[in-house]
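S.K.: Quick one, query.cif (mmCIF, C-alpha atoms):
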data_coords
#
loop_
_atom_site.label_atom_id
_atom_site.label_comp_id
_atom_site.auth_asym_id
_atom_site.auth_seq_id
_atom_site.Cartn_x
_atom_site.Cartn_y
_atom_site.Cartn_z
CA MET N 1 0.00 0.00 0.00
CA ASN N 2 2.75 2.37 0.99
CA ALA N 3 4.69 1.50 -2.11
CA MET N 4 1.61 2.26 -4.23
CA LEU N 5 1.14 5.65 -2.62
CA ARG N 6 4.76 6.42 -3.25
CA GLU N 7 4.39 5.43 -6.86
CA THR N 8 1.48 7.78 -7.59
CA GLU N 9 3.13 10.55 -5.65
CA THR N 10 6.42 10.43 -7.47
CA ALA N 11 4.67 10.42 -10.84
CA ALA N 12 2.92 13.71 -9.98
CA PRO N 13 3.92 16.67 -12.17
CA LEU N 14 5.27 18.37 -9.06
CA ALA N 15 5.90 17.04 -5.58
CA ILE N 16 7.87 18.73 -2.82
CA HIS N 17 8.49 17.72 0.76
CA GLY N 18 9.75 19.81 3.65
CA LEU N 19 11.26 22.43 1.38
CA ALA N 20 13.16 25.02 3.41
CA HIS N 21 15.35 27.90 2.35
CA CYS N 22 16.71 31.11 3.79
CA TYR N 23 18.45 34.22 2.56
CA GLU N 24 20.99 35.87 4.87
CA GLY N 25 19.62 34.09 7.90
CA VAL N 26 15.99 34.98 7.19
CA ASN N 27 13.70 32.00 6.65
CA VAL N 28 11.86 32.33 3.35
CA LEU N 29 10.51 28.81 3.14
CA ALA N 30 9.90 26.99 6.39
CA GLY N 31 9.05 23.44 5.42
CA VAL N 32 6.68 23.51 2.44
CA ASP N 33 4.88 20.36 1.25
CA LEU N 34 2.92 20.26 -1.97
CA VAL N 35 1.82 17.66 -4.49
CA LEU N 36 0.22 18.82 -7.72
CA GLU N 37 -2.25 16.51 -9.47
CA PRO N 38 -2.19 16.24 -13.26
CA GLY N 39 -4.58 18.69 -14.92
CA SER N 40 -4.91 20.94 -11.89
CA VAL N 41 -4.40 24.69 -12.00
CA LEU N 42 -2.84 25.90 -8.78
CA GLY N 43 -2.76 29.62 -8.05
CA LEU N 44 -0.11 30.66 -5.59
CA ILE N 45 -0.77 33.91 -3.73
CA GLY N 46 1.45 35.72 -1.30
CA ARG N 47 2.66 39.19 -0.46
CA ASN N 48 5.70 40.64 -2.15
CA GLY N 49 8.73 38.98 -0.65
CA ALA N 50 6.72 36.05 0.68
CA GLY N 51 8.99 33.68 -1.21
CA LYS N 52 6.79 32.74 -4.18
CA SER N 53 9.61 32.96 -6.72
CA THR N 54 12.01 31.12 -4.42
CA LEU N 55 9.46 28.34 -3.96
CA ILE N 56 8.94 28.05 -7.72
CA ARG N 57 12.65 28.01 -8.46
CA ALA N 58 13.31 25.39 -5.81
CA MET N 59 10.46 23.24 -7.15
CA LEU N 60 11.99 23.22 -10.59
CA GLY N 61 15.55 22.63 -9.42
CA LEU N 62 16.77 26.09 -10.41
CA LEU N 63 17.86 26.66 -6.85
CA GLU N 64 19.21 24.20 -4.32
CA PRO N 65 17.13 24.44 -1.14
CA LEU N 66 18.69 24.21 2.31
CA ALA N 67 16.49 21.25 3.14
CA GLY N 68 13.75 19.15 1.64
CA SER N 69 13.22 17.50 -1.72
CA ALA N 70 11.52 18.37 -5.00
CA PHE N 71 10.42 16.02 -7.79
CA VAL N 72 9.18 16.83 -11.28
CA PHE N 73 7.33 13.95 -12.97
CA GLY N 74 9.06 11.68 -10.49
CA GLU N 75 12.60 12.86 -11.23
CA PRO N 76 14.68 14.75 -8.66
CA ALA N 77 14.37 18.44 -9.59
CA LEU N 78 18.11 19.04 -9.30
CA ALA N 79 18.92 16.35 -11.86
CA LEU N 80 16.19 16.45 -14.52
CA SER N 81 16.67 14.51 -17.74
CA ASP N 82 16.32 16.31 -21.08
CA ALA N 83 13.18 14.30 -21.80
CA CYS N 84 11.65 15.59 -18.60
CA LYS N 85 12.69 19.18 -19.32
CA ALA N 86 10.93 19.02 -22.69
CA ARG N 87 7.64 18.45 -20.83
CA ILE N 88 8.03 21.61 -18.71
CA ALA N 89 7.76 25.28 -19.53
CA TYR N 90 8.69 27.93 -17.02
CA VAL N 91 8.33 31.68 -17.43
CA PRO N 92 10.28 33.68 -14.87
CA GLN N 93 9.22 37.14 -13.80
CA GLN N 94 12.12 38.73 -15.65
CA PRO N 95 13.29 36.58 -18.54
CA GLU N 96 16.85 37.32 -19.55
CA ALA N 97 17.98 34.42 -21.72
CA LEU N 98 19.06 34.79 -25.37
CA ALA N 99 18.79 38.57 -25.34
CA TRP N 100 21.03 38.89 -28.41
CA LEU N 101 18.39 37.31 -30.64
CA SER N 102 15.22 38.86 -32.01
CA ALA N 103 11.90 37.51 -30.81
CA ARG N 104 11.38 35.56 -34.03
CA GLN N 105 14.93 34.16 -34.05
CA MET N 106 14.63 33.08 -30.44
CA LEU N 107 11.32 31.30 -31.05
CA ASP N 108 12.70 29.59 -34.20
CA PHE N 109 15.79 28.48 -32.32
CA VAL N 110 14.10 27.27 -29.16
CA GLY N 111 11.30 25.59 -31.10
CA ARG N 112 13.71 23.03 -32.51
CA PHE N 113 14.24 21.52 -29.06
CA TYR N 114 10.57 20.78 -28.46
CA PRO N 115 8.86 17.79 -30.10
CA CYS N 116 5.38 19.38 -30.02
CA TRP N 117 6.32 22.96 -30.96
CA ASP N 118 3.32 24.89 -32.34
CA LYS N 119 4.89 27.29 -34.85
CA GLY N 120 1.57 28.67 -36.03
CA PHE N 121 0.59 29.64 -32.50
CA ALA N 122 3.95 31.33 -31.92
CA GLU N 123 3.65 33.40 -35.12
CA SER N 124 0.05 34.47 -34.68
CA THR N 125 0.43 35.30 -31.00
CA LEU N 126 3.50 37.46 -31.68
CA GLU N 127 1.28 39.51 -33.94
CA ARG N 128 -1.74 39.58 -31.63
CA TRP N 129 0.36 40.61 -28.65
CA GLN N 130 2.02 43.32 -30.74
CA ILE N 131 5.64 42.23 -30.43
CA PRO N 132 7.99 43.62 -33.10
CA PRO N 133 9.33 40.25 -34.36
CA ASN N 134 12.68 41.51 -35.63
CA LYS N 135 13.74 43.70 -32.73
CA LEU N 136 16.44 42.28 -30.43
CA LEU N 137 15.06 40.90 -27.17
CA ALA N 138 17.52 43.09 -25.27
CA LYS N 139 15.84 46.17 -26.79
CA LEU N 140 12.31 45.16 -25.81
CA SER N 141 10.61 46.50 -22.70
CA PRO N 142 10.39 44.14 -19.69
CA GLY N 143 6.69 43.62 -20.42
CA GLU N 144 7.37 42.70 -24.06
CA ARG N 145 10.15 40.34 -22.98
CA GLN N 146 7.80 38.51 -20.67
CA ARG N 147 5.15 38.30 -23.38
CA VAL N 148 7.68 36.71 -25.77
CA ASP N 149 8.58 34.24 -23.05
CA LEU N 150 4.91 33.40 -22.46
CA ILE N 151 4.56 32.69 -26.18
CA ARG N 152 7.64 30.47 -26.01
CA ALA N 153 6.17 28.59 -23.06
CA LEU N 154 2.72 28.08 -24.59
CA ALA N 155 4.01 27.15 -28.06
CA SER N 156 6.04 24.27 -26.61
CA GLN N 157 2.71 22.69 -25.51
CA PRO N 158 4.08 21.63 -22.13
CA GLU N 159 2.55 19.12 -19.77
CA LEU N 160 3.59 21.29 -16.86
CA LEU N 161 3.38 25.06 -17.19
CA VAL N 162 4.88 27.21 -14.44
CA LEU N 163 4.33 30.96 -14.59
CA ASP N 164 5.80 33.44 -12.13
CA GLU N 165 3.60 36.55 -11.98
CA PRO N 166 2.56 36.26 -15.63
CA ALA N 167 -0.06 38.97 -15.41
CA ALA N 168 2.27 41.80 -14.54
CA ALA N 169 3.40 42.34 -18.12
CA LEU N 170 0.07 42.03 -19.89
CA ASP N 171 -2.66 44.53 -20.62
CA PRO N 172 -6.19 43.42 -19.71
CA VAL N 173 -6.97 42.05 -23.18
CA ALA N 174 -3.78 39.97 -23.45
CA ARG N 175 -4.19 38.87 -19.83
CA ARG N 176 -7.67 37.56 -20.53
CA GLU N 177 -6.31 35.74 -23.55
CA LEU N 178 -3.57 34.12 -21.48
CA LEU N 179 -6.10 33.02 -18.88
CA ARG N 180 -8.27 31.53 -21.63
CA GLU N 181 -5.27 29.55 -22.94
CA VAL N 182 -4.43 28.33 -19.45
CA ALA N 183 -8.03 27.36 -18.64
CA LEU N 184 -8.69 25.52 -21.90
CA ARG N 185 -5.38 23.70 -21.98
CA ALA N 186 -5.85 22.49 -18.43
CA GLY N 187 -9.40 21.39 -19.20
CA GLU N 188 -8.78 19.77 -22.57
CA SER N 189 -5.14 18.73 -22.84
CA GLY N 190 -4.74 18.03 -19.15
CA THR N 191 -1.91 20.54 -18.81
CA THR N 192 -0.91 21.04 -15.19
CA VAL N 193 -0.44 24.70 -14.34
CA LEU N 194 1.16 26.48 -11.42
CA PHE N 195 1.09 30.24 -11.42
CA SER N 196 1.90 32.85 -8.86
CA THR N 197 0.08 36.14 -8.89
CA HIS N 198 -1.03 39.00 -6.78
CA ILE N 199 -4.01 39.68 -9.06
CA VAL N 200 -6.48 37.56 -7.19
CA SER N 201 -9.34 37.87 -9.69
CA ASP N 202 -7.22 36.08 -12.34
CA LEU N 203 -6.79 33.21 -10.00
CA GLU N 204 -10.49 33.11 -9.18
CA ARG N 205 -11.25 32.65 -12.85
CA VAL N 206 -8.97 29.80 -13.81
CA ALA N 207 -7.46 28.22 -10.73
CA SER N 208 -8.90 24.95 -9.55
CA GLU N 209 -6.94 25.26 -6.33
CA VAL N 210 -5.36 28.04 -4.38
CA ALA N 211 -2.54 28.17 -1.86
CA PHE N 212 -1.47 31.12 0.28
CA LEU N 213 2.23 31.38 0.92
CA HIS N 214 2.54 33.24 4.19
CA GLN N 215 5.51 33.42 6.54
CA GLY N 216 7.24 30.56 4.77
CA LYS N 217 4.28 28.17 5.00
CA LEU N 218 1.45 27.23 2.68
CA LEU N 219 -1.90 28.07 4.26
CA MET N 220 -5.38 26.96 3.32
CA ARG N 221 -4.65 24.91 0.28
CA CYS N 222 -8.06 24.07 -1.15
CA SER N 223 -10.28 24.67 -4.14
CA VAL N 224 -11.30 28.22 -4.92
CA ASP N 225 -15.00 27.35 -4.50
CA GLU N 226 -14.38 25.64 -1.19
CA THR N 227 -12.39 28.62 0.07
CA LYS N 228 -15.33 30.90 -0.60
CA GLU N 229 -17.87 28.59 0.94
CA ARG N 230 -15.93 27.44 3.96
CA TYR N 231 -14.45 30.67 5.32
CA ALA N 232 -16.04 33.97 6.31
CA ARG N 233 -15.34 37.00 8.43
CA LEU N 234 -17.11 37.16 11.77
CA TRP N 235 -17.45 40.61 13.28
CA LEU N 236 -18.30 40.97 16.94
CA PRO N 237 -19.08 44.29 18.64
CA ALA N 238 -16.89 45.22 21.63
CA ARG N 239 -19.42 44.11 24.25
CA MET N 240 -19.47 40.61 22.79
CA SER N 241 -15.83 40.12 21.99
CA ALA N 242 -15.43 37.78 24.96
CA ALA N 243 -17.65 35.29 23.12
CA ALA N 244 -15.14 35.04 20.27
CA PRO N 245 -14.20 31.48 19.38
CA ASN N 246 -10.60 30.61 20.13
CA ALA N 247 -9.94 28.97 16.82
CA GLY N 248 -9.72 31.36 13.93
CA LEU N 249 -7.26 31.92 11.15
CA SER N 250 -6.81 35.54 12.03
CA ARG N 251 -8.03 37.85 14.72
CA ARG N 252 -8.01 41.62 14.55
CA ARG N 253 -9.15 44.01 17.27
CA HIS N 254 -10.38 47.36 15.99
CA ASP N 255 -9.93 50.71 17.72
CA ASP N 256 -13.52 50.66 18.98
CA GLY N 257 -12.93 47.33 20.74
CA SER N 258 -14.86 45.30 18.18
CA LEU N 259 -13.28 42.16 16.80
CA SER N 260 -12.91 40.63 13.31
CA LEU N 261 -12.08 36.98 12.92
CA VAL N 262 -11.75 34.67 9.96
CA VAL N 263 -13.83 31.64 10.87
CA GLU N 264 -14.39 28.26 9.29
CA ARG N 265 -17.49 26.10 9.03
CA ASP N 266 -17.45 22.89 11.07
CA ALA N 267 -18.01 19.41 9.61
CA GLN N 268 -21.79 19.98 9.65
CA GLY N 269 -21.42 23.24 7.74
CA ARG N 270 -22.18 25.48 10.71
CA TRP N 271 -20.37 28.67 11.69
CA PRO N 272 -18.99 28.92 15.25
CA GLU N 273 -21.65 29.59 17.87
CA ALA N 274 -20.74 33.24 18.35
CA ALA N 275 -22.01 33.92 14.82
CA ASN N 276 -25.58 33.40 16.00
CA LEU N 277 -25.45 36.05 18.75
CA ALA N 278 -27.62 39.10 18.14
CA GLY N 279 -25.44 41.89 16.77
CA ALA N 280 -22.79 39.55 15.37
CA ARG N 281 -22.24 39.72 11.64
CA VAL N 282 -20.96 37.09 9.23
CA ASP N 283 -19.63 38.41 5.93
CA ALA N 284 -18.93 36.13 3.03
CA LEU N 285 -15.48 36.91 1.71
CA GLY N 286 -14.04 37.01 -1.76
CA LEU N 287 -10.60 35.54 -2.11
CA GLU N 288 -8.88 38.91 -2.04
CA ASP N 289 -10.53 39.98 1.21
CA LEU N 290 -9.76 36.64 2.75
CA PHE N 291 -6.14 36.97 1.73
CA VAL N 292 -5.88 40.46 3.18
CA GLU N 293 -7.46 39.36 6.45
CA ILE N 294 -4.98 36.54 6.85
CA ALA N 295 -1.86 38.24 5.55
CA GLU N 296 -2.18 41.41 7.57
CA MET D 1 -28.18 30.37 -25.90
CA ASP D 2 -24.97 32.35 -26.17
CA ALA D 3 -22.16 32.10 -23.61
CA SER D 4 -22.18 35.89 -23.26
CA LEU D 5 -25.63 35.70 -21.68
CA LEU D 6 -24.00 34.51 -18.48
CA ASN D 7 -22.61 37.19 -16.23
CA ILE D 8 -19.59 35.95 -14.30
CA GLN D 9 -18.16 37.90 -11.37
CA PRO D 10 -14.97 36.10 -10.35
CA THR D 11 -14.37 38.35 -7.36
CA ALA D 12 -17.83 37.84 -5.85
CA SER D 13 -18.00 35.83 -2.67
CA GLU D 14 -20.37 33.45 -4.43
CA PRO D 15 -18.40 30.71 -6.25
CA ILE D 16 -18.57 30.84 -10.05
CA TYR D 17 -20.28 27.46 -10.39
CA ARG D 18 -23.11 28.70 -8.19
CA GLN D 19 -23.40 31.93 -10.19
CA ILE D 20 -23.91 29.86 -13.34
CA VAL D 21 -26.52 27.54 -11.81
CA GLU D 22 -28.40 30.47 -10.30
CA GLN D 23 -28.49 32.33 -13.63
CA LEU D 24 -29.67 29.25 -15.51
CA ARG D 25 -32.40 28.79 -12.94
CA ARG D 26 -33.54 32.37 -13.42
CA LEU D 27 -33.30 32.40 -17.20
CA ILE D 28 -35.38 29.24 -17.37
CA ALA D 29 -37.90 30.33 -14.75
CA GLY D 30 -38.22 33.71 -16.47
CA GLY D 31 -38.84 32.10 -19.86
CA GLN D 32 -35.74 33.61 -21.54
CA LEU D 33 -34.61 30.08 -22.27
CA ALA D 34 -37.22 28.01 -24.05
CA HIS D 35 -37.76 24.30 -23.75
CA GLY D 36 -35.29 22.34 -25.84
CA GLU D 37 -32.89 25.25 -26.33
CA LEU D 38 -29.25 24.14 -26.18
CA LEU D 39 -26.84 25.52 -23.64
CA PRO D 40 -23.46 26.67 -24.97
CA SER D 41 -20.79 23.98 -24.71
CA VAL D 42 -18.54 23.84 -21.67
CA ARG D 43 -15.67 24.91 -23.90
CA ASP D 44 -17.55 27.95 -25.22
CA VAL D 45 -18.45 29.16 -21.75
CA ALA D 46 -14.97 28.50 -20.35
CA GLY D 47 -13.34 30.16 -23.37
CA PHE D 48 -15.60 33.20 -23.49
CA HIS D 49 -15.27 33.98 -19.79
CA ALA D 50 -11.71 32.65 -19.39
CA ILE D 51 -12.75 30.36 -16.57
CA ASN D 52 -11.82 26.80 -15.72
CA PRO D 53 -13.87 24.28 -17.78
CA MET D 54 -14.24 22.11 -14.68
CA THR D 55 -16.20 24.91 -13.03
CA VAL D 56 -18.62 25.01 -15.96
CA SER D 57 -18.98 21.20 -16.01
CA ARG D 58 -19.75 21.25 -12.32
CA ALA D 59 -22.46 23.89 -12.80
CA TYR D 60 -24.01 21.95 -15.70
CA GLY D 61 -23.92 18.78 -13.63
CA ILE D 62 -25.85 20.47 -10.84
CA ALA D 63 -28.35 21.96 -13.30
CA GLU D 64 -28.86 18.49 -14.72
CA SER D 65 -29.40 16.93 -11.30
CA GLU D 66 -31.93 19.66 -10.49
CA GLY D 67 -33.85 18.81 -13.64
CA LEU D 68 -33.25 22.19 -15.27
CA VAL D 69 -31.49 20.69 -18.28
CA GLU D 70 -30.99 17.28 -19.81
CA ARG D 71 -27.98 15.82 -21.55
CA LEU D 72 -28.71 14.98 -25.19
CA ARG D 73 -26.22 12.58 -26.63
CA GLY D 74 -24.00 14.26 -29.20
CA LYS D 75 -25.77 17.59 -28.87
CA GLY D 76 -25.05 18.87 -25.39
CA MET D 77 -27.33 20.21 -22.71
CA ALA D 78 -30.91 21.13 -23.53
CA VAL D 79 -33.25 23.21 -21.41
CA ILE D 80 -36.21 21.52 -19.78
CA ALA D 81 -38.75 24.27 -19.29
CA LEU D 82 -41.73 23.54 -17.15
CA ARG D 83 -44.71 25.81 -17.48
CA LYS D 84 -44.86 28.04 -14.41
CA ALA D 85 -48.13 26.46 -13.30
CA ALA D 86 -46.52 23.05 -13.47
CA GLN D 87 -43.83 24.08 -11.04
CA SER D 88 -44.86 23.41 -7.51
CA GLU D 89 -45.13 26.27 -5.07
CA SER D 90 -42.17 24.95 -3.15
CA GLN D 91 -40.03 24.92 -6.32
CA ARG D 92 -40.90 28.53 -7.00
CA LEU D 93 -40.34 29.46 -3.38
CA ALA D 94 -36.89 27.86 -3.53
CA LEU D 95 -35.90 30.49 -6.10
CA LEU D 96 -36.48 33.17 -3.47
CA GLU D 97 -34.44 31.40 -0.81
CA PRO D 98 -31.22 33.46 -1.17
CA GLN D 99 -33.13 36.74 -0.85
CA LEU D 100 -35.12 35.46 2.10
CA GLU D 101 -31.95 34.33 3.83
CA ALA D 102 -30.35 37.72 3.25
CA LEU D 103 -33.45 39.45 4.64
CA ALA D 104 -33.43 37.27 7.74
CA ARG D 105 -29.74 37.98 8.28
CA HIS D 106 -30.18 41.75 7.98
CA ALA D 107 -33.15 41.71 10.36
CA HIS D 108 -31.06 39.72 12.79
CA GLU D 109 -28.18 42.19 12.55
CA LEU D 110 -30.54 45.09 13.18
CA GLU D 111 -31.92 43.16 16.16
CA LEU D 112 -35.45 43.45 14.79
CA PRO D 113 -38.02 40.96 16.05
CA ALA D 114 -39.84 38.89 13.42
CA ALA D 115 -43.33 40.36 13.88
CA PRO D 116 -42.81 43.92 12.50
CA VAL D 117 -40.66 42.58 9.65
CA LEU D 118 -43.38 40.11 8.66
CA ARG D 119 -46.08 42.80 8.95
CA ARG D 120 -44.15 45.06 6.60
CA LEU D 121 -43.43 42.22 4.18
CA THR D 122 -47.09 41.24 4.12
CA ARG D 123 -48.04 44.81 3.17
CA LEU D 124 -45.37 44.88 0.45
CA LEU D 125 -46.76 41.67 -0.96
CA GLY D 126 -50.17 43.34 -1.05
CA ASP D 127 -52.11 40.53 0.55
#
Written as structure tokens, that's how I'd like the structure from this file.
M.R.:
Amino acid sequence: MNAMLRETETAAPLAIHGLAHCYEGVNVLAGVDLVLEPGSVLGLIGRNGAGKSTLIRAMLGLLEPLAGSAFVFGEPALALSDACKARIAYVPQQPEALAWLSARQMLDFVGRFYPCWDKGFAESTLERWQIPPNKLLAKLSPGERQRVDLIRALASQPELLVLDEPAAALDPVARRELLREVALRAGESGTTVLFSTHIVSDLERVASEVAFLHQGKLLMRCSVDETKERYARLWLPARMSAAAPNAGLSRRRHDDGSLSLVVERDAQGRWPEAANLAGARVDALGLEDLFVEIAE
Amino acid sequence: MDASLLNIQPTASEPIYRQIVEQLRRLIAGGQLAHGELLPSVRDVAGFHAINPMTVSRAYGIAESEGLVERLRGKGMAVIALRKAAQSESQRLALLEPQLEALARHAHELELPAAPVLRRLTRLLGD
């Protein structure tokens, strides 16, 4: 039984265990575990500096963590075979590779390494996303560079697509188009997607699951729908704050003595008892509000 | 039916799959969708709104289990429209449930007893 579990786990597109890392003595990752199922779209949220990029780089073996292990399609991330690399596409926040080529040259060159390269998609998307095809990559703006890299990633038709803050460089129209690509590929080709973002509404559209990276740990990893249905903000006026439940993902006392808590439904789907007191208020939360409540 | 007829608010606290089911319920109850009309494919809805196809499938699955639509082999989902009179009172009342729950919650927050709220509601209903 154990051997079977191990088997399915190692074959997962991404699997990490106890990943820990620090920069100059400051813990960025404090023991992160995560297994990504094929075909899932995981949105990773966290404040700036929360360690999202570090986590992504460590997952893909681009950085050697202080502790813990990372596997991509069952292979150790720090020693991936070429065959395995051909199944992955990763777009960093600030792509820098091959800057001496033009966008078209880079795509032609890179395309030869991928067995499923979609040349037509690369050409038409360059045009739609308004990239001058013959300008050197080094001369493009950071936003244009990231768009070229997104085209490179999508045209390789990867089985695992990892995007670090992909939305930052795109205008709303191109962003919507990227989300559409991500959603349909996950749904139809079974592409597994991991993307980090601070634009929570993007994640609410396409992500099947969400994870908050906060203080080096992953919090509340569950489906987007479940997050919205299972958590809410409970507000108690000052005179009732003693009735506050002890459990709660976050607790904030306001200047007037009233109290806000993020609460969770129990197994029967009920809110904590204090929610039923007269004067108490339960507010359903969107993902962004929930994130702010917890991260503050 | 066109996929653009659905109005998706990703940031709302109501999950997207529930927004879709709720809108289908209303469009069918209100007669905007006629009996036998085909729903847009999962792909069309997911593509138009840039949302996860699994979310759309889930919504369609719930609509099917509620008897709002039926799966026609090779064609997709077709609307089952019951004439209003054929819908039981409790089915029609169920459509009001979210608003009634919201009303009850607000009354509770304002610490209003049930009697004056019901009196006012009765007058609004004109009975």
S.K.: Using only C-alpha atoms, determine which residues of chain N fall within 7 Å of chain D; present them as a VMD selection string.
M.R.: chain N and resid 176 179 to 180 183 to 184 187 201 204 to 207 225 228 278 to 281 284 to 286
S.K.: What does the distance from CA of Gly46 (chain N) to CA of Leu213 (chain N) come to in Å, to one decimal?
M.R.: 4.9 Å
S.K.: For region 125-183 of chain N against region 7-28 of chain N, with a cut-off of 10 Å and counting all atoms listed in the file, what is the closest atom pair and its distance in Å to one decimal for every residue that makes the cut, ordered by chain and number, as a tab-separated table?
M.R.:
residue	atom	partner	partner_atom	distance
N:Glu159	CA	N:Pro13	CA	8.1
N:Leu160	CA	N:Pro13	CA	6.6
N:Leu161	CA	N:Pro13	CA	9.8
S.K.: Within 9 Å of region 109-115 of chain N, counting all atoms listed in the file, which residues qualify if same-chain residues fewer than 4 places away don't, as a ChimeraX atom specification?
M.R.: /N:86-87,104-105,119,152,155-157
S.K.: Between CA of Gly143 (chain N) and CA of Ala169 (chain N), what is the distance in Å, rounded to a tenth?
M.R.: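 Taking CA of Gly143 (chain N) as the start and CA of Ala169 (chain N) as the end point, the length is 4.2 Å.
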S.K.: Would you work out the distance separating CA of Leu277 (chain N) from CA of Glu226 (chain N), expressed in Å to one decimal?
M.R.: 25.1 Å
S.K.: With distances taken over all atoms listed in the file, which residue among N:Ala99, N:Ala138, N:Ala70, N:Val263 lies nearest Ala244 (chain N)?
M.R.: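 Nearest candidate to Ala244 (chain N) out of N:Ala99, N:Ala138, N:Ala70, N:Val263: N:Val263.
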S.K.: Counting only C-alpha atoms, which of N:Val262, N:Ala83, N:Ala122, N:Leu178 gets nearest to Asp108 (chain N)?
M.R.: N:Ala122
S.K.: Name all residues at most 12 Å from Leu118 (chain D) (count all atoms listed in the file; drop same-chain ones fewer than 5 positions away) and give them as a VMD selection string.
M.R.: chain D and resid 100 103 to 104 107 112 to 113 123 to 125 127
S.K.: Return the single residue from N:Val193, N:Val292, N:Met240, N:Val173 that is closest to Pro158 (chain N), with distances computed using only C-alpha atoms.
M.R.: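 Of all the options, N:Val193 lies closest to Pro158 (chain N).
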S.K.: Mind checking which residues fall within 12 Å of Glu22 (chain D), counting all atoms listed in the file, ignoring those fewer than 2 positions away in the same chain, and posting them as a list of chain:residue names?
M.R.: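 Final neighbour list, sorted by chain and number: D:Leu6, D:Asn7, D:Ile8, D:Glu14, D:Pro15, D:Ile16, D:Tyr17, D:Arg18, D:Gln19, D:Ile20, D:Leu24, D:Arg25, D:Arg26, D:Leu27, D:Ile28, D:Ala29, D:Ala59, D:Tyr60, D:Ile62, D:Ala63, D:Glu66, D:Leu68, D:Ala94, D:Leu95, D:Leu96, D:Glu97, D:Pro98.
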S.K.: For each of N:Ile45, N:Val35, N:Arg128, N:Arg239, take the minimum atom-to-atom distance to Ala295 (chain N), counting only C-alpha atoms, then give the residue where this is smallest.
M.R.: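 Ranking N:Ile45, N:Val35, N:Arg128, N:Arg239 by distance to Ala295 (chain N), first place goes to N:Ile45.
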S.K.: Residues within 7 Å of Met59 (chain N), please, as an NGL selection string. Count all atoms listed in the file; anything in the same chain fewer than 2 positions from it doesn't count.
M.R.: :N and (16 or 55-57 or 61 or 70 or 77)
S.K.: Any chance you could model N, CA, C and O atoms for region 133-143 of chain N and send them as a PDB file, in the coordinates of the input?
M.R.:
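What landed in result_35.pdb:
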ATOM      1  N   PRO N 133       8.664  41.553 -34.294  1.00  0.00           N
ATOM      2  CA  PRO N 133       9.330  40.250 -34.360  1.00  0.00           C
ATOM      3  C   PRO N 133      10.826  40.340 -34.631  1.00  0.00           C
ATOM      4  O   PRO N 133      11.565  39.409 -34.306  1.00  0.00           O
ATOM      5  N   ASN N 134      11.279  41.446 -35.232  1.00  0.00           N
ATOM      6  CA  ASN N 134      12.680  41.510 -35.630  1.00  0.00           C
ATOM      7  C   ASN N 134      13.546  42.387 -34.727  1.00  0.00           C
ATOM      8  O   ASN N 134      14.722  42.595 -35.000  1.00  0.00           O
ATOM      9  N   LYS N 135      12.974  42.881 -33.666  1.00  0.00           N
ATOM     10  CA  LYS N 135      13.740  43.700 -32.730  1.00  0.00           C
ATOM     11  C   LYS N 135      14.477  42.761 -31.764  1.00  0.00           C
ATOM     12  O   LYS N 135      13.934  41.721 -31.367  1.00  0.00           O
ATOM     13  N   LEU N 136      15.698  43.123 -31.373  1.00  0.00           N
ATOM     14  CA  LEU N 136      16.440  42.280 -30.430  1.00  0.00           C
ATOM     15  C   LEU N 136      15.712  42.231 -29.087  1.00  0.00           C
ATOM     16  O   LEU N 136      15.161  43.227 -28.630  1.00  0.00           O
ATOM     17  N   LEU N 137      15.734  41.061 -28.460  1.00  0.00           N
ATOM     18  CA  LEU N 137      15.060  40.900 -27.170  1.00  0.00           C
ATOM     19  C   LEU N 137      15.592  41.906 -26.149  1.00  0.00           C
ATOM     20  O   LEU N 137      14.845  42.446 -25.340  1.00  0.00           O
ATOM     21  N   ALA N 138      16.902  42.160 -26.227  1.00  0.00           N
ATOM     22  CA  ALA N 138      17.520  43.090 -25.270  1.00  0.00           C
ATOM     23  C   ALA N 138      16.927  44.493 -25.391  1.00  0.00           C
ATOM     24  O   ALA N 138      16.957  45.267 -24.434  1.00  0.00           O
ATOM     25  N   LYS N 139      16.376  44.815 -26.577  1.00  0.00           N
ATOM     26  CA  LYS N 139      15.840  46.170 -26.790  1.00  0.00           C
ATOM     27  C   LYS N 139      14.357  46.269 -26.466  1.00  0.00           C
ATOM     28  O   LYS N 139      13.767  47.346 -26.546  1.00  0.00           O
ATOM     29  N   LEU N 140      13.740  45.131 -26.137  1.00  0.00           N
ATOM     30  CA  LEU N 140      12.310  45.160 -25.810  1.00  0.00           C
ATOM     31  C   LEU N 140      12.118  45.620 -24.362  1.00  0.00           C
ATOM     32  O   LEU N 140      13.015  45.509 -23.532  1.00  0.00           O
ATOM     33  N   SER N 141      10.917  46.118 -24.083  1.00  0.00           N
ATOM     34  CA  SER N 141      10.610  46.500 -22.700  1.00  0.00           C
ATOM     35  C   SER N 141      10.444  45.227 -21.869  1.00  0.00           C
ATOM     36  O   SER N 141      10.205  44.153 -22.424  1.00  0.00           O
ATOM     37  N   PRO N 142      10.551  45.336 -20.528  1.00  0.00           N
ATOM     38  CA  PRO N 142      10.390  44.140 -19.690  1.00  0.00           C
ATOM     39  C   PRO N 142       9.060  43.431 -19.937  1.00  0.00           C
ATOM     40  O   PRO N 142       9.000  42.194 -19.970  1.00  0.00           O
ATOM     41  N   GLY N 143       8.006  44.214 -20.158  1.00  0.00           N
ATOM     42  CA  GLY N 143       6.690  43.620 -20.420  1.00  0.00           C
ATOM     43  C   GLY N 143       6.697  42.826 -21.706  1.00  0.00           C
ATOM     44  O   GLY N 143       6.164  41.714 -21.775  1.00  0.00           O
TER      45      GLY N 143
END
